[in-house]
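Structure, as C-alpha cells:
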Amino acid sequence: MKFLSTRNSNLKISGREAIVKGISEDGGLFVPESFPSFDIMENLDLSYTDLAHKILSLYLTDFDSQDLLKIIEKSYASFEDEIAKVTCKKDFYLELYHGRTSAFKDFALCLLPNLLAYAKKSLGIKDKTLILTATSGDTGKAALEGFYNTEDIDILVLYPTEGVSSIQKAQMDTTDSLNSKVISIDGNFDDAQTAVKKIFNDKKIKEELKKENIYLSSANSINIGRLLPQIVYYFYSYADLVKKEKISAGEKISFCVPTGNFGDILAGYYAKEMGLPVEKLVIASNDNNVLTDFFTSGTYDANRELVKTISPSMDILVSSNLERLIFHKSSDEIVKEKMKDLNDSHIFTFEGDFDEFLCGYASEEETKNTIAKTFKEEGYLMDPHTGVAKNIVDKLELKKTVILSTASPYKFSSSVLDALGENISKDEFENINILHEKTGVKIPSEIKN
C-alpha cells in the first residue's frame, strides 16, 4: 500500500515514510492509494488487538506483520479494563475513554509513538524527531503520554490558554517527561493549529533544524498514523453488537460522531469504504457549526467568531481532515484550489456527493438538557461532547445508532454537574468528587491521580 498527497496524487510513498513525515512537503495530507476490503462477519470473535492487527496490516504493508502485532499489543496494554466498550441503552454508546488520558485520542496516540519509532529505526533514520502538536484539549495530554521519554523523539504541545478545561490544562501542565515542552498561547485552537502548519511549511526553520540533525513530524490527526488506528473501533463496535444480538449480521447501522477537526468521523468513512455496513455517518457539531453549514450548503466559511463552549475539543473552525474527504471525492487539483481559497479568504465552495453523511448541531442549552435527560431516563452519564452527539441523534430520530462517547464526563465535571442542575464549586477538582457522590459513576484512575 502506497500513500499519496492530497495535493499531489503522483507522489507515492510507503506507510513508514508517511508516518515519519507527518505532512507532505507540498502541504498536503497523506491518504491511502485505495481502500482495502475487510469482512467483519469473518472476524467477529477477534480481540481488539487482533482486529487492529488485521486492519492495520492492510494499510501498513511495509511493516513486518509480527512486529506490528507486538507494537499493537504493547500500545494497548496501557488501557484500564476493556479497550473499547459498547454500552447499550436506548442508543448504543461506544465508550472510547478507557485509556490513559480518558479520551478517544488515546486509541491512536498510544500507538503512533511506537509506529514512528519502528518506522525511523527500520528506515535507518538516526536524526532526532521533533513532534509539533496543536491541541483543543485531549490530543495534547494523549500525545504527551504516548511519547513519554521516547528515545530520539521530543514533543512540543501548543494549547489555547482559555480554550481547554481545568482538568485538561492540569493534565498537560503536570507532564514530567524529559522530552516534552508544553506552551499555552493567547488565542484559540485554530491559532495553535495555524502556527504548527506555518512551522511545517517554513523552509528556514527546517534548514536550521536540519543543521542540528532534527526534523519535524506531527501527532495531530494530519498524521496518517493517527487516523488509521481509529478505523478499528468502528468495526469492533459493529462486531460487538452482532455478538450481543442487538443487530443482525450484515444489517446497516449509523454512527454519530461529535467532531471538530473531522478526523474521528473520517475514520468512519474509511471503515465504510472498506465494507462496514454503514447506513449514515452523522456529523454532530456544537455552536461552532462550520461543518454543519458546509454539508448543508456546500460553502465552507471560517469567517466567523469562534464560540467557546462546554465541549472545547470541538471548538474548531478549520477542520484539517476535511481536505482528505474532498480529495477522495474529487482530485488533487481541486484540493489545491479549495485549500488556497481557504488560506487566502477563509472560505471555499465545493459541491460533492456526500450522501453517506447527515449533520446537525446542538446549542449549549440543548447539550445540557440532553445530559440531564439521558441521565434521568437512562441512568447514563455523558460528557458534553457526547451530549452534543446524543442531541443530534434524538433530533433526527435515528434508530440503531452508535454514539461515539469521546471523553469521560469527569474531564468536564463542572459542566456536567451544572447540566444536572447541581451546585458547582469554583474548584473543578472538587466538582469531580461532587459528581461522583451524586451519580456513583466510577472516576477513571488517571483523573483520580
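Residue numbering restarts at 1 for every chain of the C-alpha cells, chains are lettered A, B, ... in their displayed order, and ligands are numbered from 1 as they appear.
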
Which of segment 72-109 of chain A end up as strand (DSSP E or B) when DSSP is run on this backbone - answer as a PyMOL selection string?
chain A and resi 85-88+92-95+103

Fewer than 5 positions away in the same chain doesn't count, so skip those; otherwise give me all residues within 8 Å of Ser136 of chain A, counting only C-alpha atoms, as number ranges by chain.
A: 159-160, 163-164, 189, 312-316

Would you mind exporting N, CA and C atoms of the selected residues as a PDB file, in the first residue's frame?
ATOM      1  N   TYR A 159      -1.383  24.775  23.286  1.00  0.00           N
ATOM      2  CA  TYR A 159      -2.822  24.755  23.551  1.00  0.00           C
ATOM      3  C   TYR A 159      -3.316  26.164  23.871  1.00  0.00           C
ATOM      4  N   PRO A 160      -4.589  26.473  23.562  1.00  0.00           N
ATOM      5  CA  PRO A 160      -5.147  27.787  23.871  1.00  0.00           C
ATOM      6  C   PRO A 160      -5.387  27.930  25.374  1.00  0.00           C
ATOM      7  N   GLY A 163      -8.953  27.914  26.253  1.00  0.00           N
ATOM      8  CA  GLY A 163      -9.789  27.076  25.406  1.00  0.00           C
ATOM      9  C   GLY A 163      -9.859  25.624  25.812  1.00  0.00           C
ATOM     10  N   VAL A 164      -9.376  25.278  27.006  1.00  0.00           N
ATOM     11  CA  VAL A 164      -9.423  23.898  27.481  1.00  0.00           C
ATOM     12  C   VAL A 164      -9.976  23.884  28.899  1.00  0.00           C
ATOM     13  N   PHE A 189      -7.813  27.309  19.297  1.00  0.00           N
ATOM     14  CA  PHE A 189      -7.185  26.136  18.697  1.00  0.00           C
ATOM     15  C   PHE A 189      -6.742  26.399  17.268  1.00  0.00           C
ATOM     16  N   PRO A 312     -15.118  21.875  24.465  1.00  0.00           N
ATOM     17  CA  PRO A 312     -13.997  22.614  23.867  1.00  0.00           C
ATOM     18  C   PRO A 312     -13.218  21.869  22.795  1.00  0.00           C
ATOM     19  N   SER A 313     -13.209  20.541  22.825  1.00  0.00           N
ATOM     20  CA  SER A 313     -12.458  19.798  21.819  1.00  0.00           C
ATOM     21  C   SER A 313     -13.069  19.947  20.430  1.00  0.00           C
ATOM     22  N   MET A 314     -14.284  20.514  20.374  1.00  0.00           N
ATOM     23  CA  MET A 314     -14.960  20.751  19.103  1.00  0.00           C
ATOM     24  C   MET A 314     -14.957  22.230  18.727  1.00  0.00           C
ATOM     25  N   ASP A 315     -14.306  23.048  19.524  1.00  0.00           N
ATOM     26  CA  ASP A 315     -14.265  24.489  19.239  1.00  0.00           C
ATOM     27  C   ASP A 315     -13.195  24.771  18.187  1.00  0.00           C
ATOM     28  N   ILE A 316     -13.527  24.446  16.962  1.00  0.00           N
ATOM     29  CA  ILE A 316     -12.591  24.500  15.830  1.00  0.00           C
ATOM     30  C   ILE A 316     -13.335  25.053  14.614  1.00  0.00           C
TER      31      ILE A 316
END

Tell me which protein, DNA and RNA residues are within 9 Å of Lys89 of chain A, counting only C-alpha atoms, leaving out same-chain ones fewer than 6 positions away, and put them as a ChimeraX atom specification.
/A:378-380

Produce a file of the selected residues containing C-alpha atoms, as a JSON list (two decimals), in the first residue's frame.
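And here's part35.json as it stands now:
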[["chain", "number", "residue", "atom", "x", "y", "z"],
["A", 378, "GLU", "CA", -31.43, 6.02, 31.08],
["A", 379, "GLY", "CA", -29.06, 6.33, 34.05],
["A", 380, "TYR", "CA", -26.24, 7.07, 31.62]]

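All residues of protein, DNA or RNA that reach within 8 Å of Ser285 of chain A, judged by only C-alpha atoms and not counting those fewer than 3 positions away in the chain, are Pro258, Thr259, Gly260, Asn288, Asn289, Leu291, Thr292, Met314, Cys359, Gly360, Tyr361, Ala362, Val388 and Ala389 of chain A.
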
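Note that the spacing between atom CA of Arg324 of chain A and atom CA of Leu266 of chain A amounts to 8.2 Å.
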
Neighbours of Ile83 of chain A within 10 Å (only C-alpha atoms; same-chain residues fewer than 4 positions away dropped), as number ranges by chain?
A: 47-49, 76-79, 95-99, 107, 233

So that I can see what lies close to segment 14-26 of chain A, please list as a PDB file with C-alpha atoms, in the first residue's frame the residues with an atom at most 7 Å from it, counting only C-alpha atoms and leaving out residues fewer than 5 positions away in the same chain.
ATOM      1  CA  MET A   1       0.000   0.000   0.000  1.00  0.00           C
ATOM      2  CA  LYS A   2       1.314   3.423  -1.013  1.00  0.00           C
ATOM      3  CA  PHE A   3       0.220   6.795   0.335  1.00  0.00           C
ATOM      4  CA  SER A   5      -0.513  13.564  -1.016  1.00  0.00           C
ATOM      5  CA  ARG A   7      -2.177  17.920  -3.271  1.00  0.00           C
ATOM      6  CA  LEU A  60       0.900  -0.690   6.711  1.00  0.00           C
ATOM      7  CA  ASP A  62       5.730  -2.308   4.700  1.00  0.00           C
ATOM      8  CA  LEU A 116       7.007   6.175  14.497  1.00  0.00           C
ATOM      9  CA  ALA A 119       9.495   3.368  11.139  1.00  0.00           C
ATOM     10  CA  LYS A 120      12.534   5.509  11.996  1.00  0.00           C
ATOM     11  CA  SER A 217       6.679  15.383  12.443  1.00  0.00           C
ATOM     12  CA  SER A 218       3.163  15.649  13.857  1.00  0.00           C
ATOM     13  CA  ILE A 222      -2.953  15.383   9.977  1.00  0.00           C
ATOM     14  CA  ASN A 223      -0.577  12.399  10.504  1.00  0.00           C
ATOM     15  CA  ILE A 224      -1.981   9.298   8.791  1.00  0.00           C
ATOM     16  CA  GLY A 225      -0.614   7.269  11.714  1.00  0.00           C
TER      17      GLY A 225
END

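Of note, atom CA of Lys141 of chain A and atom CA of Gln168 of chain A are spaced 7.4 Å apart.
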
Residue list (alpha helix (DSSP H), DSSP) for segment 244-365 of chain A, as a PDB file with C-alpha atoms, in the first residue's frame:
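Saved result, result-v3.pdb, follows:
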ATOM      1  CA  GLY A 263     -10.627  13.107  11.926  1.00  0.00           C
ATOM      2  CA  ASP A 264     -12.758  10.749  14.000  1.00  0.00           C
ATOM      3  CA  ILE A 265     -15.655  10.689  11.563  1.00  0.00           C
ATOM      4  CA  LEU A 266     -13.286  10.417   8.586  1.00  0.00           C
ATOM      5  CA  ALA A 267     -12.065   7.136  10.104  1.00  0.00           C
ATOM      6  CA  GLY A 268     -15.717   6.039   9.981  1.00  0.00           C
ATOM      7  CA  TYR A 269     -15.831   6.947   6.292  1.00  0.00           C
ATOM      8  CA  TYR A 270     -12.726   4.822   5.718  1.00  0.00           C
ATOM      9  CA  ALA A 271     -14.419   1.922   7.545  1.00  0.00           C
ATOM     10  CA  LYS A 272     -17.484   2.281   5.308  1.00  0.00           C
ATOM     11  CA  GLU A 273     -15.311   2.308   2.188  1.00  0.00           C
ATOM     12  CA  VAL A 290     -18.997  25.353  10.339  1.00  0.00           C
ATOM     13  CA  LEU A 291     -19.189  21.688   9.286  1.00  0.00           C
ATOM     14  CA  THR A 292     -22.985  21.580   9.507  1.00  0.00           C
ATOM     15  CA  ASP A 293     -23.172  24.673   7.306  1.00  0.00           C
ATOM     16  CA  PHE A 294     -20.752  23.145   4.787  1.00  0.00           C
ATOM     17  CA  PHE A 295     -22.552  19.821   4.449  1.00  0.00           C
ATOM     18  CA  THR A 296     -25.866  21.670   4.176  1.00  0.00           C
ATOM     19  CA  SER A 297     -24.906  24.454   1.765  1.00  0.00           C
ATOM     20  CA  LEU A 322     -11.941  17.675   5.543  1.00  0.00           C
ATOM     21  CA  GLU A 323      -9.141  18.072   2.991  1.00  0.00           C
ATOM     22  CA  ARG A 324      -8.801  14.290   2.851  1.00  0.00           C
ATOM     23  CA  LEU A 325     -12.521  13.778   2.210  1.00  0.00           C
ATOM     24  CA  ILE A 326     -12.554  16.389  -0.553  1.00  0.00           C
ATOM     25  CA  PHE A 327      -9.615  14.578  -2.175  1.00  0.00           C
ATOM     26  CA  HIS A 328     -11.483  11.262  -2.061  1.00  0.00           C
ATOM     27  CA  LYS A 329     -14.496  12.971  -3.646  1.00  0.00           C
ATOM     28  CA  ASP A 332      -5.601  16.847  -6.043  1.00  0.00           C
ATOM     29  CA  GLU A 333      -6.089  19.862  -8.348  1.00  0.00           C
ATOM     30  CA  ILE A 334      -9.439  20.690  -6.774  1.00  0.00           C
ATOM     31  CA  VAL A 335      -7.974  20.229  -3.279  1.00  0.00           C
ATOM     32  CA  LYS A 336      -5.168  22.701  -4.068  1.00  0.00           C
ATOM     33  CA  GLU A 337      -7.698  25.221  -5.382  1.00  0.00           C
ATOM     34  CA  LYS A 338     -10.024  24.904  -2.366  1.00  0.00           C
ATOM     35  CA  MET A 339      -7.236  24.973   0.222  1.00  0.00           C
ATOM     36  CA  LYS A 340      -5.790  28.097  -1.423  1.00  0.00           C
ATOM     37  CA  ASP A 341      -9.202  29.749  -1.180  1.00  0.00           C
ATOM     38  CA  LEU A 342      -9.435  28.741   2.473  1.00  0.00           C
ATOM     39  CA  ASN A 343      -5.960  30.078   3.218  1.00  0.00           C
ATOM     40  CA  ASP A 344      -6.485  33.356   1.333  1.00  0.00           C
ATOM     41  CA  SER A 345     -10.078  34.237   2.203  1.00  0.00           C
ATOM     42  CA  GLU A 364     -25.202  24.876  24.852  1.00  0.00           C
ATOM     43  CA  GLU A 365     -28.676  24.702  26.365  1.00  0.00           C
TER      44      GLU A 365
END

Using only C-alpha atoms, which residues sit within 12 Å of Thr139 of chain A once same-chain residues fewer than 6 positions away are excluded, as an NGL selection string?
:A and (100-110 or 132-133 or 145-147 or 156-159 or 164 or 168-169 or 171-172 or 189 or 193 or 218-221 or 226 or 261 or 263 or 312-314 or 406-407)

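Reported to one decimal place, the separation of atom CA of Ile167 of chain A from atom CA of Val182 of chain A is 15.0 Å.
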
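Nearest to Phe350 of chain A of all the residues A:Asn149, A:Gln230, A:Ser331, A:Ser166 is A:Ser331, counting only C-alpha atoms.
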